[in-house]
>>> print(open('model_8.csv').read())   # CSV, C-alpha atoms
chain,number,residue,atom,x,y,z
X,1,MET,CA,-10.5,-174.8,-98.7
X,2,ASN,CA,-8.3,-171.8,-99.0
X,3,THR,CA,-8.9,-170.1,-102.3
X,4,ARG,CA,-5.5,-168.4,-102.3
X,5,ARG,CA,-3.8,-171.8,-101.9
X,6,MET,CA,-5.9,-173.3,-104.7
X,7,VAL,CA,-5.1,-170.4,-107.0
X,8,SER,CA,-1.4,-170.7,-106.2
X,9,LEU,CA,-1.3,-174.4,-106.8
X,10,GLY,CA,-3.4,-174.1,-109.9
X,11,LEU,CA,-1.2,-171.4,-111.4
X,12,LEU,CA,1.9,-173.5,-110.6
X,13,ILE,CA,0.4,-176.5,-112.3
X,14,LEU,CA,-0.5,-174.4,-115.3
X,15,ILE,CA,3.0,-172.9,-115.4
X,16,LEU,CA,4.5,-176.3,-115.3
X,17,LEU,CA,2.3,-177.6,-118.1
X,18,ILE,CA,3.0,-174.6,-120.3
X,19,SER,CA,6.7,-175.0,-119.7
X,20,GLY,CA,6.6,-178.6,-120.7
X,21,CYS,CA,8.3,-180.0,-117.6
X,22,ALA,CA,5.5,-182.4,-116.7
X,23,GLY,CA,5.8,-186.0,-117.8
X,24,THR,CA,3.0,-187.7,-119.7
X,25,THR,CA,1.2,-190.9,-118.6
X,26,SER,CA,-0.2,-193.6,-120.8
X,27,SER,CA,-3.0,-191.2,-121.8
X,28,GLU,CA,-1.7,-188.4,-123.9
X,29,LYS,CA,-4.4,-186.1,-122.4
X,30,THR,CA,-3.3,-186.6,-118.8
X,31,LYS,CA,-0.2,-185.1,-117.3
X,32,THR,CA,1.4,-186.5,-114.2
X,33,LEU,CA,3.3,-184.1,-111.9
X,34,THR,CA,5.4,-185.3,-109.0
X,35,LEU,CA,5.1,-183.2,-105.9
X,36,TRP,CA,7.5,-183.4,-103.0
X,37,TYR,CA,6.3,-182.1,-99.6
X,38,TRP,CA,6.7,-182.9,-95.9
X,39,ASN,CA,4.1,-184.0,-93.5
X,40,ARG,CA,1.6,-181.2,-92.7
X,41,SER,CA,3.2,-178.7,-95.1
X,42,LEU,CA,0.3,-179.1,-97.5
X,43,ASP,CA,-3.2,-180.3,-96.8
X,44,ASP,CA,-3.7,-183.8,-98.3
X,45,GLU,CA,-7.3,-183.0,-99.2
X,46,LEU,CA,-6.2,-179.9,-101.1
X,47,ILE,CA,-3.8,-182.0,-103.1
X,48,LYS,CA,-6.6,-184.5,-103.9
X,49,SER,CA,-8.8,-181.7,-105.0
X,50,VAL,CA,-6.4,-180.6,-107.7
X,51,GLU,CA,-7.3,-183.6,-109.8
X,52,GLN,CA,-11.0,-182.7,-109.5
X,53,LYS,CA,-10.4,-179.0,-110.4
X,54,PHE,CA,-7.9,-179.9,-113.2
X,55,PRO,CA,-9.1,-183.2,-114.7
X,56,GLY,CA,-6.1,-183.5,-117.1
X,57,ILE,CA,-3.7,-183.5,-114.1
X,58,ARG,CA,-2.6,-186.4,-111.9
X,59,ILE,CA,-0.6,-185.5,-108.8
X,60,ASN,CA,2.0,-188.1,-107.7
X,61,ALA,CA,2.2,-186.6,-104.2
X,62,GLN,CA,5.2,-187.9,-102.3
X,63,LYS,CA,5.4,-187.1,-98.6
X,64,ILE,CA,9.1,-187.0,-98.0
X,65,GLY,CA,10.2,-188.0,-94.5
X,66,GLY,CA,13.4,-187.3,-92.7
X,67,ASP,CA,15.6,-184.4,-93.6
X,68,PHE,CA,13.5,-183.0,-96.5
X,69,LYS,CA,15.8,-180.0,-97.1
X,70,SER,CA,18.9,-182.2,-97.4
X,71,LYS,CA,17.2,-184.6,-99.8
X,72,LEU,CA,16.1,-181.7,-102.0
X,73,LYS,CA,19.5,-180.1,-102.0
X,74,THR,CA,21.2,-183.4,-102.8
X,75,THR,CA,18.8,-184.0,-105.6
X,76,LEU,CA,19.5,-180.5,-107.0
X,77,ALA,CA,23.2,-181.1,-106.8
X,78,ALA,CA,22.9,-184.4,-108.6
X,79,GLY,CA,21.0,-182.8,-111.4
X,80,SER,CA,18.4,-185.5,-111.8
X,81,GLY,CA,15.6,-187.3,-110.0
X,82,GLY,CA,13.8,-184.2,-108.7
X,83,PRO,CA,10.1,-183.5,-108.6
X,84,ASP,CA,8.1,-181.3,-110.9
X,85,ILE,CA,6.7,-179.3,-107.9
X,86,VAL,CA,8.3,-178.9,-104.5
X,87,ALA,CA,7.1,-177.4,-101.3
X,88,PHE,CA,9.5,-174.9,-99.7
X,89,ASN,CA,9.6,-173.2,-96.4
X,90,ASP,CA,11.1,-169.9,-95.3
X,91,TRP,CA,14.5,-171.5,-96.2
X,92,VAL,CA,13.8,-171.1,-100.0
X,93,ALA,CA,16.7,-168.5,-100.2
X,94,GLU,CA,19.1,-171.4,-99.5
X,95,LEU,CA,18.1,-172.7,-103.0
X,96,PHE,CA,18.9,-169.4,-104.8
X,97,THR,CA,22.3,-170.8,-105.8
X,98,SER,CA,20.4,-173.5,-107.7
X,99,SER,CA,18.0,-171.1,-109.3
X,100,ASP,CA,19.0,-172.2,-112.8
X,101,ARG,CA,17.3,-175.5,-111.9
X,102,PHE,CA,13.9,-173.8,-111.5
X,103,TYR,CA,11.7,-172.0,-114.0
X,104,ASP,CA,11.4,-168.3,-113.6
X,105,LEU,CA,7.8,-168.0,-112.7
X,106,TYR,CA,7.8,-164.3,-113.7
X,107,GLU,CA,8.4,-165.5,-117.3
X,108,LEU,CA,5.4,-167.8,-117.0
X,109,GLY,CA,2.8,-165.2,-115.8
X,110,ALA,CA,3.3,-165.1,-112.0
X,111,LYS,CA,3.2,-161.2,-112.1
X,112,GLU,CA,-0.5,-161.4,-112.8
X,113,ILE,CA,-1.3,-162.7,-109.3
X,114,GLU,CA,1.3,-160.8,-107.4
X,115,PRO,CA,-1.2,-158.2,-106.1
X,116,ASP,CA,-3.1,-161.1,-104.3
X,117,PHE,CA,-0.1,-161.7,-101.9
X,118,LEU,CA,1.6,-159.9,-99.1
X,119,ASP,CA,4.7,-158.2,-100.5
X,120,TRP,CA,7.1,-159.5,-98.0
X,121,LYS,CA,6.0,-163.1,-98.5
X,122,TRP,CA,6.1,-162.8,-102.3
X,123,LYS,CA,9.7,-161.5,-102.2
X,124,LEU,CA,10.9,-164.6,-100.3
X,125,GLY,CA,10.7,-166.6,-103.6
X,126,VAL,CA,12.5,-164.0,-105.7
X,127,THR,CA,16.3,-164.3,-106.2
X,128,PRO,CA,18.7,-161.4,-105.9
X,129,GLU,CA,18.9,-161.5,-109.7
X,130,GLY,CA,15.1,-161.0,-109.9
X,131,SER,CA,14.0,-164.5,-110.9
X,132,MET,CA,11.0,-165.9,-109.1
X,133,ILE,CA,11.5,-169.6,-108.2
X,134,ALA,CA,8.7,-170.1,-105.6
X,135,LEU,CA,5.2,-169.0,-105.0
X,136,PRO,CA,3.9,-168.4,-101.5
X,137,ILE,CA,1.3,-170.7,-100.2
X,138,ASP,CA,0.7,-169.3,-96.7
X,139,THR,CA,2.0,-166.6,-94.4
X,140,GLY,CA,2.9,-168.8,-91.4
X,141,PRO,CA,0.3,-167.1,-89.2
X,142,THR,CA,1.0,-166.6,-85.6
X,143,ALA,CA,-1.7,-166.3,-83.0
X,144,LEU,CA,-1.7,-165.1,-79.4
X,145,TYR,CA,-4.0,-166.7,-76.8
X,146,TYR,CA,-4.0,-165.1,-73.4
X,147,ARG,CA,-5.9,-165.0,-70.2
X,148,ALA,CA,-7.6,-161.6,-69.9
X,149,ASP,CA,-7.6,-161.7,-66.1
X,150,LEU,CA,-3.8,-162.2,-65.9
X,151,PHE,CA,-3.2,-159.5,-68.5
X,152,GLU,CA,-5.4,-157.1,-66.4
X,153,GLU,CA,-3.6,-158.1,-63.2
X,154,ALA,CA,-0.2,-157.3,-64.9
X,155,GLY,CA,-1.5,-153.9,-66.0
X,156,LEU,CA,-1.6,-155.0,-69.7
X,157,PRO,CA,-4.5,-154.4,-72.1
X,158,SER,CA,-7.0,-157.2,-72.0
X,159,GLU,CA,-9.5,-156.5,-74.7
X,160,PRO,CA,-8.5,-158.0,-78.1
X,161,ASP,CA,-8.5,-154.7,-80.0
X,162,ASP,CA,-6.4,-153.1,-77.2
X,163,VAL,CA,-4.0,-156.0,-77.1
X,164,TYR,CA,-3.6,-155.8,-80.9
X,165,ALA,CA,-3.0,-152.0,-80.8
X,166,GLN,CA,-0.5,-152.1,-77.8
X,167,LEU,CA,1.3,-155.4,-78.4
X,168,ASN,CA,2.0,-155.2,-82.2
X,169,THR,CA,5.8,-155.7,-82.2
X,170,TRP,CA,8.0,-158.5,-80.9
X,171,ASP,CA,9.6,-156.1,-78.4
X,172,GLN,CA,6.2,-155.2,-77.0
X,173,TYR,CA,5.4,-158.9,-76.6
X,174,PHE,CA,8.7,-159.4,-74.8
X,175,GLU,CA,8.0,-156.5,-72.4
X,176,ALA,CA,4.5,-157.9,-71.8
X,177,GLY,CA,6.1,-161.3,-71.0
X,178,LEU,CA,8.4,-159.7,-68.4
X,179,LYS,CA,5.4,-158.0,-66.8
X,180,LEU,CA,3.6,-161.3,-66.6
X,181,GLN,CA,6.6,-163.0,-65.1
X,182,GLU,CA,6.6,-160.5,-62.3
X,183,LEU,CA,3.2,-161.9,-61.2
X,184,PHE,CA,4.6,-165.3,-60.5
>>> encode(input="model_8.csv", output="structure tokens")
Amino acid sequence: MNTRRMVSLGLLILILLISGCAGTTSSEKTKTLTLWYWNRSLDDELIKSVEQKFPGIRINAQKIGGDFKSKLKTTLAAGSGGPDIVAFNDWVAELFTSSDRFYDLYELGAKEIEPDFLDWKWKLGVTPEGSMIALPIDTGPTALYYRADLFEEAGLPSEPDDVYAQLNTWDQYFEAGLKLQELF
């Protein structure tokens, strides 16, 4: 299990509890938080593990199908019926106009974990006015798989460290692609 994800989800749950936005269940000691996410945006096992890690929390995880973003925007515009926690993607900036509908996570202690995140990813959830409405949960990693023999034949680096050093921008990848096309 990814520790950074667990810390992020745990902090978010703590922030929501402190802010009082979670509803109570029949047991006064248990808080139920509704989570909206789309298929494969969060690991189902990670969500289940939250209740083990935080015994006073029950997650009502709702996997939203269809056009997730439209449903969320419509719910925000309506002003009611939204979840306590919502998964965003890199389109989080589209919700900045509704930032008054979110807690400013900076006011709830998010600054304390900022050094644990990549600066560019952290800033995606910060509005132009300086409020933080979303915590990052991943970096959307990209991987390159290649055939070393074809790279060598095209005059490209073929050892992983050399590929990393010489193809570290999108422009360099594009140029490498052009060289590979010449082979065929």
>>> residues_around(input="model_8.csv", residues="Met132 (chain X)", least_positions_apart="2", cutoff="7 Å", atoms="only C-alpha atoms", output="PDB file with C-alpha atoms, in the coordinates of the input")
ATOM      1  CA  ASP X 104      11.400-168.300-113.600  1.00  0.00           C
ATOM      2  CA  LEU X 105       7.800-168.000-112.700  1.00  0.00           C
ATOM      3  CA  TYR X 106       7.800-164.300-113.700  1.00  0.00           C
ATOM      4  CA  GLY X 125      10.700-166.600-103.600  1.00  0.00           C
ATOM      5  CA  VAL X 126      12.500-164.000-105.700  1.00  0.00           C
ATOM      6  CA  THR X 127      16.300-164.300-106.200  1.00  0.00           C
ATOM      7  CA  GLY X 130      15.100-161.000-109.900  1.00  0.00           C
ATOM      8  CA  ALA X 134       8.700-170.100-105.600  1.00  0.00           C
TER       9      ALA X 134
END
>>> residues_around(input="model_8.csv", residues="region 55-59 of chain X", least_positions_apart="4", cutoff="7 Å", atoms="all atoms listed in the file", output="PyMOL selection string")
chain X and resi 29-35+51
>>> closest_residue(input="model_8.csv", among="X:Asn89, X:Ser158, X:Thr139, X:Thr74", to="Leu118 (chain X)", atoms="all atoms listed in the file")
X:Thr139
>>> residues_around(input="model_8.csv", residues="Asp44 (chain X)", least_positions_apart="5", cutoff="12 Å", atoms="only C-alpha atoms", output="number ranges by chain")
X: 1, 35, 37-39, 49-50, 59-63
>>> write_last_selection(input="model_8.csv", atoms="C-alpha atoms", output="PDB file, in the coordinates of the input")
ATOM      1  CA  MET X   1     -10.500-174.800 -98.700  1.00  0.00           C
ATOM      2  CA  LEU X  35       5.100-183.200-105.900  1.00  0.00           C
ATOM      3  CA  TYR X  37       6.300-182.100 -99.600  1.00  0.00           C
ATOM      4  CA  TRP X  38       6.700-182.900 -95.900  1.00  0.00           C
ATOM      5  CA  ASN X  39       4.100-184.000 -93.500  1.00  0.00           C
ATOM      6  CA  SER X  49      -8.800-181.700-105.000  1.00  0.00           C
ATOM      7  CA  VAL X  50      -6.400-180.600-107.700  1.00  0.00           C
ATOM      8  CA  ILE X  59      -0.600-185.500-108.800  1.00  0.00           C
ATOM      9  CA  ASN X  60       2.000-188.100-107.700  1.00  0.00           C
ATOM     10  CA  ALA X  61       2.200-186.600-104.200  1.00  0.00           C
ATOM     11  CA  GLN X  62       5.200-187.900-102.300  1.00  0.00           C
ATOM     12  CA  LYS X  63       5.400-187.100 -98.600  1.00  0.00           C
TER      13      LYS X  63
END
>>> residues_near_point(input="model_8.csv", point="(5.9, -162.8, -66.5)", cutoff="12 Å", atoms="all atoms listed in the file", output="number ranges by chain")
X: 150-151, 153-156, 173-184
>>> closest_residue(input="model_8.csv", among="X:Ala78, X:Phe54, X:Tyr103, X:Ala148", to="Asp162 (chain X)", atoms="only C-alpha atoms")
X:Ala148
>>> atom_distance(input="model_8.csv", atom1="CA of Leu76 (chain X)", atom2="CA of Leu135 (chain X)")
18.5 Å
>>> atom_distance(input="model_8.csv", atom1="CA of Lys111 (chain X)", atom2="CA of Asp90 (chain X)")
20.5 Å
>>> atom_distance(input="model_8.csv", atom1="CA of Glu94 (chain X)", atom2="CA of Gly82 (chain X)")
16.6 Å
>>> axis_aligned_box(input="model_8.csv", around="region 179-183 of chain X", padding_each_side="6 Å", output="AutoDock Vina command-line options")
--center_x 4.9 --center_y -160.5 --center_z -64.0 --size_x 15.4 --size_y 17.0 --size_z 17.6
>>> residues_around(input="model_8.csv", residues="Leu144 (chain X)", least_positions_apart="6", cutoff="12 Å", atoms="all atoms listed in the file", output="PyMOL selection string")
chain X and resi 160+163-164+167-168+170+173
